[in-house]
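Visitor: I have a structure I would like to understand better, so I am pasting it below and will then ask my questions one at a time.
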Amino acid sequence: MTIPLDRLVKKLDEGEIKRTASGRTLFKLSSYEGNPIVKPQELGLTWYERGKLQVGAVFNGGATIFQGKVILTPRCHWNYCKSKFFDPKLGKEKPCLENYVSEIWSLVSHDGIKFQRFRDVVIRGDGTDHRDFTYGIEDIRIVPHDRKYLLVGCGKVGPPFKASGGDRIAIYSTENFMDITYHGMVSIFDSRNAIPFFIDDETWLFLRFHPNIHLTLLEGGLNQLLNPFKHEERWIAIHQRKEENLLLRAGEYPHEKEKIGPSTPLVKTPNGWLFLYHGVGEMSADVCREYGLERGIDRGYSVCAALLDLDDPRQVLCRTKDPIFIPSKPYELGGDEEYQVDTPAVVFPVGAIARNKKLLIYCGAGDKHVTLISCDLGKLVDYLLENCRLL
């Protein structure tokens, strides 16, 4: 019997290869025609301020299939206001949000596009459940392993936007997405976007030590994640050896000029591990024209990809020289009368599902909504092998 999700997968577009005016060969992921698929007002993330309706945010959700349904774990917040702060890393003012404490809501969908709350499950990081971090929990990735699911996110030990070094790896697990166990956080260093994966009995972990992506083999195995406090010496050693564990360096390409970071859990293919990551930087007019834009983007988040060796993932076989998806719609760019955004020019992939030769990628858009983009998995891998080889 065909389940509703498979009907969606069958009709999703496969991505396309484009040739730019300057002769560059691009892979362009396909945007679902009904985007954005999750909007904050649909979940009641609204409030009134001086008699005017304000709309909150739901975005950056991990994704997996559980009992034939899609589970998302987006971060949600409301009752905040917009402001600005000086970013010393960039040397300029940036937009930020005040009174901002995110929590994670579990959502469920039979068909992969219409989502609702899953049993009102909430993961909080505001001091309600523990005191490890009290400024919110963000961007949980879902990693299936041995009939369980690891939920790995970013616990905030300082106010978002304003506290330099306020990000910590926060680790949870569940078997049913109702009963969720908190295992603690990695307190030793500042890092976000951590994603574990497994090769036989080995436990590997992607890390983002600003501005680069690192990959390390955990000597303590899975237990190092499930009991992080007991392995502090190993976490210290990982930080001390971070240059040895550098996988991808920011600044190699204009769209990755500012920083890069891990995005979705790995997808295994016959030719290697498909690794999606995000870049922050400039997008050229040449690339932007293929998305219907008249000019380039000075600063934005884009989707990038690499292919890693199946036996030794530290070996990068292929890496995209241009983004495979950029913000181009109002809900991804600056907003319009229909769609607001909290951060302009953002597409941020967090959840990926491989199903019937298609790749479904659930993204945050404008730090406000959830969108779905897709491609034929083999088509993307072939593009990497033919156009982006490093080894």
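The way I read the labels, and the way they are meant: chains A, B, ... in the order of the structure tokens, residue 1 as the first residue of every chain, and ligand 1 as the first ligand shown, with later ones counted on from there.
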So which residues touch stretch 245-256 of chain A within 8 Å, counting only C-alpha atoms, skipping near sequence neighbours fewer than 5 positions away, as a list in words?

Guide: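 That gives Pro211, Asn212, Ile213, His214, Leu215, Thr216, Gly279, Val280, Gly281, Glu282, Met283, Gly300, Tyr301, Ser302, Arg314, Val316, Lys321, Asp322 and Pro323 of chain A.
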
Visitor: The selected residues should be written to file as a compact mmCIF listing (two decimals), in the first residue's frame (atoms: N, CA and C atoms).

Guide:
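The resulting file, out20.txt, is shown below:
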```txt
# COMPACT_ATOMS: atom_id res chain seq x y z
N PRO A 211 35.51 29.51 11.81
CA PRO A 211 34.43 29.50 10.82
C PRO A 211 34.39 28.21 9.98
N ASN A 212 35.06 27.15 10.45
CA ASN A 212 35.29 25.97 9.62
C ASN A 212 34.50 24.75 10.11
N ILE A 213 34.51 23.69 9.29
CA ILE A 213 33.90 22.41 9.65
C ILE A 213 35.00 21.42 10.01
N HIS A 214 34.81 20.76 11.15
CA HIS A 214 35.77 19.76 11.63
C HIS A 214 35.07 18.41 11.76
N LEU A 215 35.86 17.36 11.69
CA LEU A 215 35.33 16.00 11.81
C LEU A 215 36.27 15.21 12.72
N THR A 216 35.71 14.59 13.76
CA THR A 216 36.54 13.84 14.69
C THR A 216 35.93 12.48 14.98
N GLY A 279 26.78 27.51 3.73
CA GLY A 279 27.81 28.53 3.61
C GLY A 279 27.20 29.90 3.82
N VAL A 280 28.00 30.83 4.32
CA VAL A 280 27.57 32.21 4.49
C VAL A 280 28.58 33.10 3.77
N GLY A 281 28.06 33.89 2.83
CA GLY A 281 28.95 34.76 2.07
C GLY A 281 28.19 35.45 0.96
N GLU A 282 28.91 35.75 -0.12
CA GLU A 282 28.34 36.48 -1.25
C GLU A 282 27.89 35.50 -2.34
N MET A 283 26.78 35.84 -2.99
CA MET A 283 26.31 35.06 -4.13
C MET A 283 26.35 35.95 -5.36
N GLY A 300 24.45 36.12 2.46
CA GLY A 300 23.34 35.21 2.60
C GLY A 300 23.80 33.80 2.92
N TYR A 301 22.84 32.97 3.36
CA TYR A 301 23.08 31.55 3.65
C TYR A 301 22.68 30.73 2.44
N SER A 302 23.53 29.79 2.05
CA SER A 302 23.23 28.92 0.92
C SER A 302 23.47 27.46 1.29
N ARG A 314 37.16 11.29 6.44
CA ARG A 314 38.05 12.46 6.44
C ARG A 314 38.56 12.77 5.05
N VAL A 316 37.78 13.91 1.54
CA VAL A 316 36.74 14.63 0.80
C VAL A 316 36.93 14.35 -0.69
N LYS A 321 31.63 23.87 -5.90
CA LYS A 321 32.30 25.17 -6.05
C LYS A 321 31.29 26.32 -6.05
N ASP A 322 30.04 25.99 -6.27
CA ASP A 322 28.94 26.96 -6.23
C ASP A 322 27.83 26.37 -5.38
N PRO A 323 26.99 27.20 -4.80
CA PRO A 323 25.88 26.67 -3.99
C PRO A 323 24.92 25.86 -4.85
```

Visitor: Using only C-alpha atoms, what does the table of stretch 9-37 of chain A residues within 7 Å of stretch 365-378 of chain A look like, with each row giving the shortest atom pair and its distance in Å to one decimal, sorted by chain and ascending number, as JSON lines?

Guide:
```
{"residue": "A:Leu12", "atom": "CA", "partner": "A:Ser374", "partner_atom": "CA", "distance": 6.6}
{"residue": "A:Asp13", "atom": "CA", "partner": "A:Cys375", "partner_atom": "CA", "distance": 6.1}
{"residue": "A:Glu14", "atom": "CA", "partner": "A:Cys375", "partner_atom": "CA", "distance": 3.8}
{"residue": "A:Gly15", "atom": "CA", "partner": "A:Cys375", "partner_atom": "CA", "distance": 4.5}
{"residue": "A:Leu29", "atom": "CA", "partner": "A:Cys375", "partner_atom": "CA", "distance": 5.7}
{"residue": "A:Ser30", "atom": "CA", "partner": "A:Ser374", "partner_atom": "CA", "distance": 5.2}
{"residue": "A:Ser31", "atom": "CA", "partner": "A:Ile373", "partner_atom": "CA", "distance": 4.5}
{"residue": "A:Tyr32", "atom": "CA", "partner": "A:Ile373", "partner_atom": "CA", "distance": 5.7}
{"residue": "A:Asn35", "atom": "CA", "partner": "A:Thr371", "partner_atom": "CA", "distance": 5.4}
{"residue": "A:Pro36", "atom": "CA", "partner": "A:Thr371", "partner_atom": "CA", "distance": 4.6}
{"residue": "A:Ile37", "atom": "CA", "partner": "A:Thr371", "partner_atom": "CA", "distance": 5.5}
```

Visitor: Give me the residues of stretch 347-378 of chain A that have any atom at most 12 Å from an atom of stretch 187-209 of chain A; for each, the nearest atom pair and the distance in Å, rounded to one decimal. Use only C-alpha atoms, sort by chain and number, and format it as a tab-separated table.

Guide:
```
residue	atom	partner	partner_atom	distance
A:Phe348	CA	A:Asn193	CA	11.2
A:Pro349	CA	A:Asn193	CA	10.9
A:Val350	CA	A:Asn193	CA	9.0
A:Gly351	CA	A:Ile195	CA	11.1
```

Visitor: Generate the output file for the selected residues, N, CA and C atoms, as a compact mmCIF listing (two decimals), in the first residue's frame.

Guide:
```
# COMPACT_ATOMS: atom_id res chain seq x y z
N PHE A 348 18.43 27.46 5.42
CA PHE A 348 19.25 26.74 6.39
C PHE A 348 18.76 25.29 6.50
N PRO A 349 19.40 24.34 5.80
CA PRO A 349 18.96 22.94 5.85
C PRO A 349 19.36 22.28 7.16
N VAL A 350 18.43 21.54 7.76
CA VAL A 350 18.69 20.85 9.02
C VAL A 350 18.28 19.37 8.94
N GLY A 351 17.17 19.07 8.27
CA GLY A 351 16.70 17.70 8.17
C GLY A 351 16.76 17.17 6.76
```

Visitor: Please tabulate, as CSV, the residues of stretch 227-301 of chain A that come within 12 Å of stretch 146-168 of chain A, each with its closest pair of atoms and the distance in Å to one decimal, counting only C-alpha atoms and ordering rows by chain, then residue number upward.

Guide:
```
residue,atom,partner,partner_atom,distance
A:Pro228,CA,A:Arg168,CA,11.6
A:Pro262,CA,A:Gly153,CA,11.9
A:Ser263,CA,A:Gly153,CA,11.5
A:Thr264,CA,A:Val152,CA,11.3
A:Pro265,CA,A:Val152,CA,10.6
```

Visitor: Would you export the selected residues with C-alpha atoms as a compact mmCIF listing (two decimals), in the first residue's frame, please?

Guide:
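What landed in part_30.txt:
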```txt
# COMPACT_ATOMS: atom_id res chain seq x y z
CA PRO A 228 29.46 13.86 28.02
CA PRO A 262 27.37 21.14 9.07
CA SER A 263 23.71 21.02 8.07
CA THR A 264 22.01 17.62 7.82
CA PRO A 265 22.90 14.08 8.91
```

Visitor: Write out as a ChimeraX atom specification the set of residues from stretch 259-386 of chain A that DSSP, computed on the backbone, places in helix (DSSP H, G or I).

Guide: /A:285-291,377-386

Visitor: How would the residues just chosen look if you wrote them out with C-alpha atoms as an mmCIF file, in the first residue's frame?

Guide:
```cif
data_model
loop_
_atom_site.group_PDB
_atom_site.id
_atom_site.type_symbol
_atom_site.label_atom_id
_atom_site.label_comp_id
_atom_site.auth_asym_id
_atom_site.auth_seq_id
_atom_site.Cartn_x
_atom_site.Cartn_y
_atom_site.Cartn_z
ATOM 1 C CA ALA A 285 24.856 37.860 -10.027
ATOM 2 C CA ASP A 286 25.794 35.050 -12.423
ATOM 3 C CA VAL A 287 24.407 32.439 -9.995
ATOM 4 C CA CYS A 288 21.493 34.567 -8.779
ATOM 5 C CA ARG A 289 20.157 35.048 -12.304
ATOM 6 C CA GLU A 290 19.506 31.286 -12.498
ATOM 7 C CA TYR A 291 17.098 31.773 -9.562
ATOM 8 C CA LEU A 377 19.695 11.641 -5.097
ATOM 9 C CA GLY A 378 21.592 9.918 -7.905
ATOM 10 C CA LYS A 379 21.418 13.032 -10.065
ATOM 11 C CA LEU A 380 23.071 15.134 -7.358
ATOM 12 C CA VAL A 381 25.786 12.542 -6.715
ATOM 13 C CA ASP A 382 26.519 12.266 -10.454
ATOM 14 C CA TYR A 383 26.841 16.053 -10.635
ATOM 15 C CA LEU A 384 29.349 15.999 -7.782
ATOM 16 C CA LEU A 385 31.401 13.235 -9.397
ATOM 17 C CA GLU A 386 31.426 14.876 -12.807
#
```

Visitor: What gap, in Å, lies between atom CA of A:Ser22 and atom CA of A:Ala306?

Guide: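 Separation between atom CA of A:Ser22 and atom CA of A:Ala306: 23.2 Å.
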
Visitor: Can you tell me how far atom CA of A:Gly261 sits from atom CA of A:Leu360, in Å to one decimal?

Guide: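 These atoms are spaced 19.3 Å apart.
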
Visitor: Give the strand (DSSP E) residues of stretch 113-281 of chain A, as assigned by DSSP on the backbone, as a VMD selection string.

Guide: chain A and resid 116 to 123 137 to 145 148 to 156 167 to 174 180 to 186 192 to 199 202 to 209 212 to 217 246 to 248 259 to 262 267 to 269 272 to 281

Visitor: Which of these residues is nearest to A:Ile353, using only C-alpha atoms: A:Leu226, A:Val101, A:Leu274, A:Val303?

Guide: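 Once distances to A:Ile353 are computed over only C-alpha atoms, the minimum belongs to A:Leu274.
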
Visitor: Provide the atom CA of A:Val341 to atom CA of A:Phe85 distance in Å, to one decimal place.

Guide: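 Result for atom CA of A:Val341 versus atom CA of A:Phe85: 17.7 Å, one decimal.
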
Visitor: Using only C-alpha atoms, which residues sit within 12 Å of A:Trp105 once same-chain residues fewer than 4 positions away are excluded, as a ChimeraX atom specification?

Guide: /A:40,43,45,57-62,71-77,115-125,137-140,177-178

Visitor: Name the residues in contact with A:Lys10 at a cut-off of 9 Å, using only C-alpha atoms, excluding same-chain residues fewer than 3 positions from it; report them as a compact mmCIF listing (two decimals) with C-alpha atoms, in the first residue's frame.

Guide:
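This went into around37.txt:
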```txt
# COMPACT_ATOMS: atom_id res chain seq x y z
CA LEU A 5 4.58 10.34 2.05
CA ASP A 6 5.44 8.21 -0.98
CA ARG A 7 2.86 10.05 -3.06
CA ASP A 13 11.01 17.60 -8.62
CA ASN A 356 12.71 6.10 -3.09
CA LYS A 358 14.69 11.18 -3.83
```
